[in-house]
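Single-structure report; data block below.
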Amino acid sequence: MLDYVGLIPLFPAIGFAINLLFGRRMPKGIVGFIACTAIGLSFLVSLLVFADLLKLEPTSRSLEKVLYSWIPSGEFQANVGFLVDPLSMVMMLVVSGVSFIIHIYSHGYMHEDRDFSRYFTYLNLFVFFMLLLVSANNFLLMFVGWEGVGLCSYFLIGFWYEKKSASDAGKKAFIVNRIGDYGFLLAIILIFVTFQTIDFQAVFAAAPEKFSVGSGLLTLITLLLFMGATGKSAQIPLYTWLPDAMEGPTPVSALIHAATMVTAGVYMVARCSVLFIMAPTSLFVVAVIGVATAIFAASIGLAQNDIKRVLAYSTISQIGYMFLACGVGAFAAGIFHLMTHAFFKALLFLGAGSVMHGLAGELDMRKMGNLKPHMPRTYWTFLIATLAISGIFPFAGFFSKDEILWKALTQGGYTFWLVGAIAAFMTATYMFRVVFLTFHGKSRVDPEVAPHLHESPGMMTGPLIFLAILSTIGGFVGFPIVEGWNRFNEFLSPAFATPATSMALKAAEAGHHSAGFEIAMMVVSLVIAGLGILFAHKMYIKDPSLPDRLAESYKGPYQLIANKYWMDEIYHFLFIGPAIRFSVFLWNIFDDILVDGTVNGVAAIARGGSEVCKRLQTGYVQNYALSILVGIVLIIGYYFFR
Amino acid sequence: MVSLSSYLILSAILFSVGVVGFILRRNAIIIFMSIELMLNAANLAFVAFSRFLNSMDGQIFVFFVMTVAAAEAAVGLAIIIAVFRTQETVNVDEINLMKW
């Protein structure tokens, strides 16, 4: 089955092609069926490949399958090929699996939309590019997938393009991503110049031989790669597009802007772990940016009223955790959190979508409340996801987040752990704030909407329940402490263990900590999460007037986070405003005067010349005859008298 | 024996008459006849050269010229008739629609 890895991205491409060409003429049921089947088949093939991969020895679990030579150009060789190793396998399974669930949910959620087939066309195209991204065996093919998912993200954020805010958000996402992609592209060029190849395995094999740890060139390459990652994964300073991206349909937010695409940056950093480990400065930058983003976005999430925006900031914050893990060298922990996050964050978004579905599209949590009796299935699944993201035992998020905090403490230092722990407290608080405001307390639902309150159809709650199961048990694959129980880590570690990396990792793990200490730290993080929940409970259930009083007495800080640190305004002032003024200058001076002037000037000269010359054409035959005669006389005269 | 230059002078005079007629006359038919005159002046020069150089090339040329002249007469007269039907004149001063 390993030879058929190319089928994994192929199926969504076929689904895309069918829906693109015939989608408009087919009934909705068939369009949705084709789209879901395509992804389902992809998932099935992924499972079969996974089963085959497990049969191999752990050390030989890295296979390349080259389909054909794509750009053979002298020294520069780019293939269309796939790399199957534990890392890409995990990503393929997560991407195709979560995509499949969300496709089914979308079938129910988007059923009333008139652009049903366009939606599924884009969604299939997205999955195709995402699978290409995670399975590529060289940087350039990965970049194709990278750009492709960015394109689909743009399409889907601006899906309801009649809405100005949606199309603006799409453009913002695309342009901000462009900045990061620029760094990624520069990194690829630099890699080719340095290593004369862009194949992952060749580059990673050559890096330890050619360079020593901490070399400047590798630091530059990895920093440029990380710049690409900050764009795609919405980290400081390029995170501003993600909250706006919530203008897209909610399943899109779940799939692209929570579970898969935004984690591509984490995957990329993990994929290049060899390079990053050899550049400790870059690793430190990754860790600092990650932990800063984690706490920064979490604090903003505390004061947002739009349910999807809270989830968006939460996503940014959680991806920050993943980068923190990568930054301290715990790549497996980062990918582990990526996987569990894909489960519970997709579930949270789909739950939010279900709430919107029941409330006729309402997003403002101040107009919700007491939805629990009306939407029991949504409530319970949402609650499970919230427990998971808050890091409560035994839900999936507990294992992954705890592992990250543990690694941050042992491999990074107390500062990283402390900031991460505060962010974890905030996470528990803002997530339970969402739960309490939405499902508990007094109903603040619009009286017009209230009578129509209903639970979503089975097509939507089914995926919720399935994801809830994954969010509950998904963490046990990475059970810590007990020897041999952390299968996830064992499975992944060959992907990160090259001679150089394992040396660096050993150095990092030199200070061995006792299991007792690890358990104690687990209890600490549980207590932190519990405190966060209690805090939210006190604020939004026991004493609902407390938040307003707090906001009143701490006006400065409250305004700061409620307005998102005015980051959009600052960016607007610093970058967008000057860019617009410069564009206006170019338009008025360069375009209007220089370019248009040249083009119109050439035309004017031609016209003026014609005005003069047209007088020669009189229409009188004898004038022409005379001019012929004069010409002949002149020619003969010339020969005669010379 | 008449000398070659006599023939050539006659040919030149005939050609000049044709040119002047072509430039000065306003009646399309006359202009047309002037063209024929010029062609025949050229023919005369051909034949004269042919006779004095003892070569048949010039006479063959003349046959071609006469053929072309006949064809041209047919087409040209047809055009003049067509112009007359629409413009009701063959005065070339009044026929100047073919311009900017």
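We label chains A, B, ... in the order they appear in the structure tokens, count residues from 1 in each chain, and number ligands from 1 in the order shown.
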
Set the distance at 10 Å and use only C-alpha atoms: which residues neighbour A:Ala245 once local chain neighbours fewer than 6 positions away are removed? I'd like the list as a PyMOL selection string.
chain A and resi 153-154+156-158+165-173+252-253+256-257+308-309+312

Quick one: residues within 10 Å of A:Pro544, only C-alpha atoms counted, chain neighbours fewer than 6 positions away excluded, as number ranges by chain?
A: 437, 441-442, 537-538

Taking only C-alpha atoms into account and nothing else, which residues of chain A lie no more than 10 Å away from chain B? Please answer as a list in words.
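The selection requested is Lys614, Arg615, Leu616, Gln617, Thr618, Gly619, Tyr620, Val621, Gln622, Asn623, Tyr624, Ala625, Leu626 and Leu629 of chain A.
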
For the residues in the current selection, export C-alpha atoms as a PDB file, in the first residue's frame.
ATOM      1  CA  LYS A 614      -3.749  62.774 -44.818  1.00  0.00           C
ATOM      2  CA  ARG A 615      -3.847  65.977 -46.926  1.00  0.00           C
ATOM      3  CA  LEU A 616      -1.819  64.124 -49.549  1.00  0.00           C
ATOM      4  CA  GLN A 617      -4.680  61.808 -50.259  1.00  0.00           C
ATOM      5  CA  THR A 618      -6.955  64.065 -52.277  1.00  0.00           C
ATOM      6  CA  GLY A 619      -9.014  61.540 -54.157  1.00  0.00           C
ATOM      7  CA  TYR A 620      -8.130  63.187 -57.491  1.00  0.00           C
ATOM      8  CA  VAL A 621      -6.592  60.599 -59.836  1.00  0.00           C
ATOM      9  CA  GLN A 622      -4.626  63.224 -61.707  1.00  0.00           C
ATOM     10  CA  ASN A 623      -2.887  64.442 -58.569  1.00  0.00           C
ATOM     11  CA  TYR A 624      -1.579  60.951 -58.070  1.00  0.00           C
ATOM     12  CA  ALA A 625      -0.554  60.703 -61.717  1.00  0.00           C
ATOM     13  CA  LEU A 626       1.292  63.998 -61.431  1.00  0.00           C
ATOM     14  CA  LEU A 629       5.392  61.753 -63.146  1.00  0.00           C
TER      15      LEU A 629
END

B:Phe61 environment, 12 Å, only C-alpha atoms, sequence neighbours closer than 4 positions dropped, as number ranges by chain
B: 39-40, 42-47, 49-50, 55-57, 65-68

Could you pull out all residues of stretch 401-543 of chain A with a DSSP call of alpha helix (DSSP H) and give them as JSON, numbers by chain?
{"A": [401, 402, 403, 404, 405, 406, 407, 414, 415, 416, 417, 418, 419, 420, 421, 422, 423, 424, 425, 426, 427, 428, 429, 430, 431, 432, 433, 434, 435, 436, 437, 438, 439, 458, 459, 460, 461, 462, 463, 464, 465, 466, 467, 468, 469, 470, 471, 472, 473, 487, 488, 489, 490, 491, 492, 493, 494, 495, 496, 499, 500, 501, 502, 503, 504, 505, 506, 507, 508, 515, 516, 517, 518, 519, 520, 521, 522, 523, 524, 525, 526, 527, 528, 529, 530, 531, 532, 533, 534, 535, 536, 537]}

For atom CA of B:Phe64 and atom CA of B:Ile80, determine how far apart the two atoms are, in Å to one decimal place.
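If I compute the distance from atom CA of B:Phe64 to atom CA of B:Ile80, I get 23.9 Å.
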
Residue contacts of A:Ala408 (7 Å, only C-alpha atoms) excluding same-chain residues fewer than 5 positions away, as a tab-separated table (two decimals) with C-alpha atoms, in the first residue's frame:
chain	number	residue	atom	x	y	z
A	325	ALA	CA	7.16	22.94	22.35
A	328	VAL	CA	12.37	23.88	23.47
A	413	GLY	CA	13.39	27.01	31.88
A	416	PHE	CA	8.71	29.59	29.74
A	417	TRP	CA	6.80	27.35	32.11

B:Phe15 environment, 7 Å, only C-alpha atoms, sequence neighbours closer than 6 positions dropped, as an NGL selection string
:B and (37-38 or 41)

Keeping N, CA and C atoms, export the residues of the selection given above as a PDB file, in the first residue's frame.
ATOM      1  N   LEU B  37      -2.178  55.470 -75.624  1.00  0.00           N
ATOM      2  CA  LEU B  37      -1.178  56.141 -76.439  1.00  0.00           C
ATOM      3  C   LEU B  37       0.220  55.892 -75.878  1.00  0.00           C
ATOM      4  N   MET B  38       0.337  56.007 -74.534  1.00  0.00           N
ATOM      5  CA  MET B  38       1.640  55.790 -73.901  1.00  0.00           C
ATOM      6  C   MET B  38       2.099  54.355 -74.113  1.00  0.00           C
ATOM      7  N   ALA B  41       3.317  53.988 -77.565  1.00  0.00           N
ATOM      8  CA  ALA B  41       4.612  54.635 -77.762  1.00  0.00           C
ATOM      9  C   ALA B  41       5.712  53.691 -77.329  1.00  0.00           C
TER      10      ALA B  41
END

Can you list, as a PDB file with N, CA and C atoms, in the first residue's frame, every protein, DNA or RNA residue that comes within 12 Å of A:Trp380 when you count only C-alpha atoms, leaving out same-chain residues fewer than 6 positions away?
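And here is the file that came out, part15.pdb:
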ATOM      1  N   LEU A 347     -13.964  20.563  17.118  1.00  0.00           N
ATOM      2  CA  LEU A 347     -15.215  20.322  17.830  1.00  0.00           C
ATOM      3  C   LEU A 347     -15.789  21.627  18.371  1.00  0.00           C
ATOM      4  N   LEU A 348     -14.949  22.477  18.956  1.00  0.00           N
ATOM      5  CA  LEU A 348     -15.436  23.747  19.479  1.00  0.00           C
ATOM      6  C   LEU A 348     -16.061  24.591  18.370  1.00  0.00           C
ATOM      7  N   GLY A 351     -19.247  23.098  17.235  1.00  0.00           N
ATOM      8  CA  GLY A 351     -20.264  23.375  18.248  1.00  0.00           C
ATOM      9  C   GLY A 351     -20.769  24.806  18.136  1.00  0.00           C
ATOM     10  N   LEU A 371     -28.725  27.895  26.796  1.00  0.00           N
ATOM     11  CA  LEU A 371     -29.073  27.084  25.630  1.00  0.00           C
ATOM     12  C   LEU A 371     -29.012  25.597  25.951  1.00  0.00           C
ATOM     13  N   LYS A 372     -28.531  25.272  27.160  1.00  0.00           N
ATOM     14  CA  LYS A 372     -28.307  23.870  27.505  1.00  0.00           C
ATOM     15  C   LYS A 372     -29.544  22.992  27.324  1.00  0.00           C
ATOM     16  N   PRO A 373     -30.725  23.398  27.826  1.00  0.00           N
ATOM     17  CA  PRO A 373     -31.872  22.511  27.647  1.00  0.00           C
ATOM     18  C   PRO A 373     -32.307  22.377  26.192  1.00  0.00           C
ATOM     19  N   HIS A 374     -32.006  23.424  25.400  1.00  0.00           N
ATOM     20  CA  HIS A 374     -32.479  23.386  24.018  1.00  0.00           C
ATOM     21  C   HIS A 374     -31.568  22.574  23.110  1.00  0.00           C
ATOM     22  N   THR A 386     -14.273  21.821  25.715  1.00  0.00           N
ATOM     23  CA  THR A 386     -13.779  22.874  26.598  1.00  0.00           C
ATOM     24  C   THR A 386     -12.911  22.286  27.698  1.00  0.00           C
ATOM     25  N   LEU A 387     -13.353  21.150  28.252  1.00  0.00           N
ATOM     26  CA  LEU A 387     -12.532  20.479  29.265  1.00  0.00           C
ATOM     27  C   LEU A 387     -11.197  20.054  28.666  1.00  0.00           C
ATOM     28  N   VAL A 435     -18.569  28.847  27.677  1.00  0.00           N
ATOM     29  CA  VAL A 435     -19.572  27.838  28.022  1.00  0.00           C
ATOM     30  C   VAL A 435     -20.672  28.459  28.881  1.00  0.00           C
ATOM     31  N   PHE A 439     -24.320  28.626  27.324  1.00  0.00           N
ATOM     32  CA  PHE A 439     -25.238  27.539  27.645  1.00  0.00           C
ATOM     33  C   PHE A 439     -25.903  27.665  29.014  1.00  0.00           C
ATOM     34  N   THR A 461     -24.830  16.871  14.415  1.00  0.00           N
ATOM     35  CA  THR A 461     -24.470  16.422  15.756  1.00  0.00           C
ATOM     36  C   THR A 461     -23.649  15.140  15.713  1.00  0.00           C
ATOM     37  N   LEU A 464     -20.139  15.963  15.694  1.00  0.00           N
ATOM     38  CA  LEU A 464     -19.803  16.515  17.011  1.00  0.00           C
ATOM     39  C   LEU A 464     -19.496  15.388  17.988  1.00  0.00           C
ATOM     40  N   ILE A 465     -20.376  14.385  17.984  1.00  0.00           N
ATOM     41  CA  ILE A 465     -20.196  13.290  18.943  1.00  0.00           C
ATOM     42  C   ILE A 465     -18.918  12.531  18.644  1.00  0.00           C
ATOM     43  N   LEU A 467     -16.210  13.644  17.158  1.00  0.00           N
ATOM     44  CA  LEU A 467     -15.049  14.432  17.578  1.00  0.00           C
ATOM     45  C   LEU A 467     -14.938  14.465  19.102  1.00  0.00           C
ATOM     46  N   ALA A 468     -16.072  14.450  19.783  1.00  0.00           N
ATOM     47  CA  ALA A 468     -16.048  14.458  21.246  1.00  0.00           C
ATOM     48  C   ALA A 468     -15.373  13.200  21.768  1.00  0.00           C
ATOM     49  N   ILE A 469     -15.661  12.065  21.091  1.00  0.00           N
ATOM     50  CA  ILE A 469     -15.004  10.822  21.502  1.00  0.00           C
ATOM     51  C   ILE A 469     -13.500  10.943  21.317  1.00  0.00           C
ATOM     52  N   THR A 472     -11.893  12.987  23.853  1.00  0.00           N
ATOM     53  CA  THR A 472     -11.836  12.357  25.164  1.00  0.00           C
ATOM     54  C   THR A 472     -10.691  11.360  25.251  1.00  0.00           C
TER      55      THR A 472
END

So that I can see what lies close to stretch 388-393 of chain A, please list as a PyMOL selection string the residues with an atom at most 10 Å from it, counting only C-alpha atoms and leaving out residues fewer than 4 positions away in the same chain.
chain A and resi 314+318+340-341+343-345+348+382-384+397-402+424-432+468+471-472+474-475+522-523+525-530+532-533

Mind dumping the selected residues with C-alpha atoms as a PDB file, in the first residue's frame?
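Below is the file result20.pdb, written as the result:
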ATOM      1  CA  SER A 314      -7.735  30.587  21.463  1.00  0.00           C
ATOM      2  CA  GLN A 318      -2.770  27.092  21.287  1.00  0.00           C
ATOM      3  CA  THR A 340      -5.329  16.800  19.981  1.00  0.00           C
ATOM      4  CA  HIS A 341      -5.918  20.471  19.200  1.00  0.00           C
ATOM      5  CA  PHE A 343      -9.810  17.296  17.523  1.00  0.00           C
ATOM      6  CA  PHE A 344     -11.045  19.596  20.244  1.00  0.00           C
ATOM      7  CA  LYS A 345     -10.733  22.899  18.378  1.00  0.00           C
ATOM      8  CA  LEU A 348     -15.436  23.747  19.479  1.00  0.00           C
ATOM      9  CA  PHE A 382     -18.904  21.512  23.538  1.00  0.00           C
ATOM     10  CA  LEU A 383     -18.296  20.947  27.222  1.00  0.00           C
ATOM     11  CA  ILE A 384     -16.024  17.988  26.503  1.00  0.00           C
ATOM     12  CA  GLY A 397      -5.757  18.363  25.837  1.00  0.00           C
ATOM     13  CA  PHE A 398      -4.504  17.457  29.291  1.00  0.00           C
ATOM     14  CA  PHE A 399      -1.871  15.071  27.998  1.00  0.00           C
ATOM     15  CA  SER A 400      -0.590  17.229  25.193  1.00  0.00           C
ATOM     16  CA  LYS A 401      -0.608  20.542  27.020  1.00  0.00           C
ATOM     17  CA  ASP A 402       0.887  19.033  30.112  1.00  0.00           C
ATOM     18  CA  ALA A 424      -3.201  27.925  30.573  1.00  0.00           C
ATOM     19  CA  PHE A 425      -5.073  29.629  33.409  1.00  0.00           C
ATOM     20  CA  MET A 426      -6.431  32.204  30.962  1.00  0.00           C
ATOM     21  CA  THR A 427      -7.371  29.434  28.532  1.00  0.00           C
ATOM     22  CA  ALA A 428      -9.478  27.686  31.137  1.00  0.00           C
ATOM     23  CA  THR A 429     -11.069  31.007  32.122  1.00  0.00           C
ATOM     24  CA  TYR A 430     -12.040  32.259  28.688  1.00  0.00           C
ATOM     25  CA  MET A 431     -13.204  28.861  27.486  1.00  0.00           C
ATOM     26  CA  PHE A 432     -15.482  28.391  30.472  1.00  0.00           C
ATOM     27  CA  ALA A 468     -16.048  14.458  21.246  1.00  0.00           C
ATOM     28  CA  SER A 471     -11.222  14.623  22.232  1.00  0.00           C
ATOM     29  CA  THR A 472     -11.836  12.357  25.164  1.00  0.00           C
ATOM     30  CA  GLY A 474      -7.242  10.954  21.845  1.00  0.00           C
ATOM     31  CA  GLY A 475      -4.762  11.844  24.528  1.00  0.00           C
ATOM     32  CA  MET A 522       0.745  17.567  36.443  1.00  0.00           C
ATOM     33  CA  VAL A 523      -1.183  18.238  39.588  1.00  0.00           C
ATOM     34  CA  SER A 525      -1.266  22.301  35.921  1.00  0.00           C
ATOM     35  CA  LEU A 526      -4.545  20.622  36.854  1.00  0.00           C
ATOM     36  CA  VAL A 527      -4.898  23.015  39.775  1.00  0.00           C
ATOM     37  CA  ILE A 528      -4.155  25.951  37.486  1.00  0.00           C
ATOM     38  CA  ALA A 529      -6.833  24.840  35.044  1.00  0.00           C
ATOM     39  CA  GLY A 530      -9.247  24.233  37.920  1.00  0.00           C
ATOM     40  CA  GLY A 532      -9.320  29.150  35.842  1.00  0.00           C
ATOM     41  CA  ILE A 533     -12.624  27.308  35.721  1.00  0.00           C
TER      42      ILE A 533
END

When you count only C-alpha atoms, which of these residues is closest to A:Pro451: A:Val203, A:Leu359, A:Leu560, A:Ala520?
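Between A:Val203, A:Leu359, A:Leu560, A:Ala520, the residue approaching A:Pro451 most closely is A:Leu359.
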
Take atom CA of A:Val288 and atom CA of A:Pro208 and report the distance between them in Å, one decimal.
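If I compute the distance from atom CA of A:Val288 to atom CA of A:Pro208, I get 24.8 Å.
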
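Relative to atom CA of B:Phe63, atom CA of B:Asn27 is found at 28.3 Å.
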
When distances are computed from only C-alpha atoms, which of B:Gly21, B:Leu53, B:Ala71, B:Ala48 shows the smallest separation from B:Ser6?
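Closest candidate: B:Ala48.
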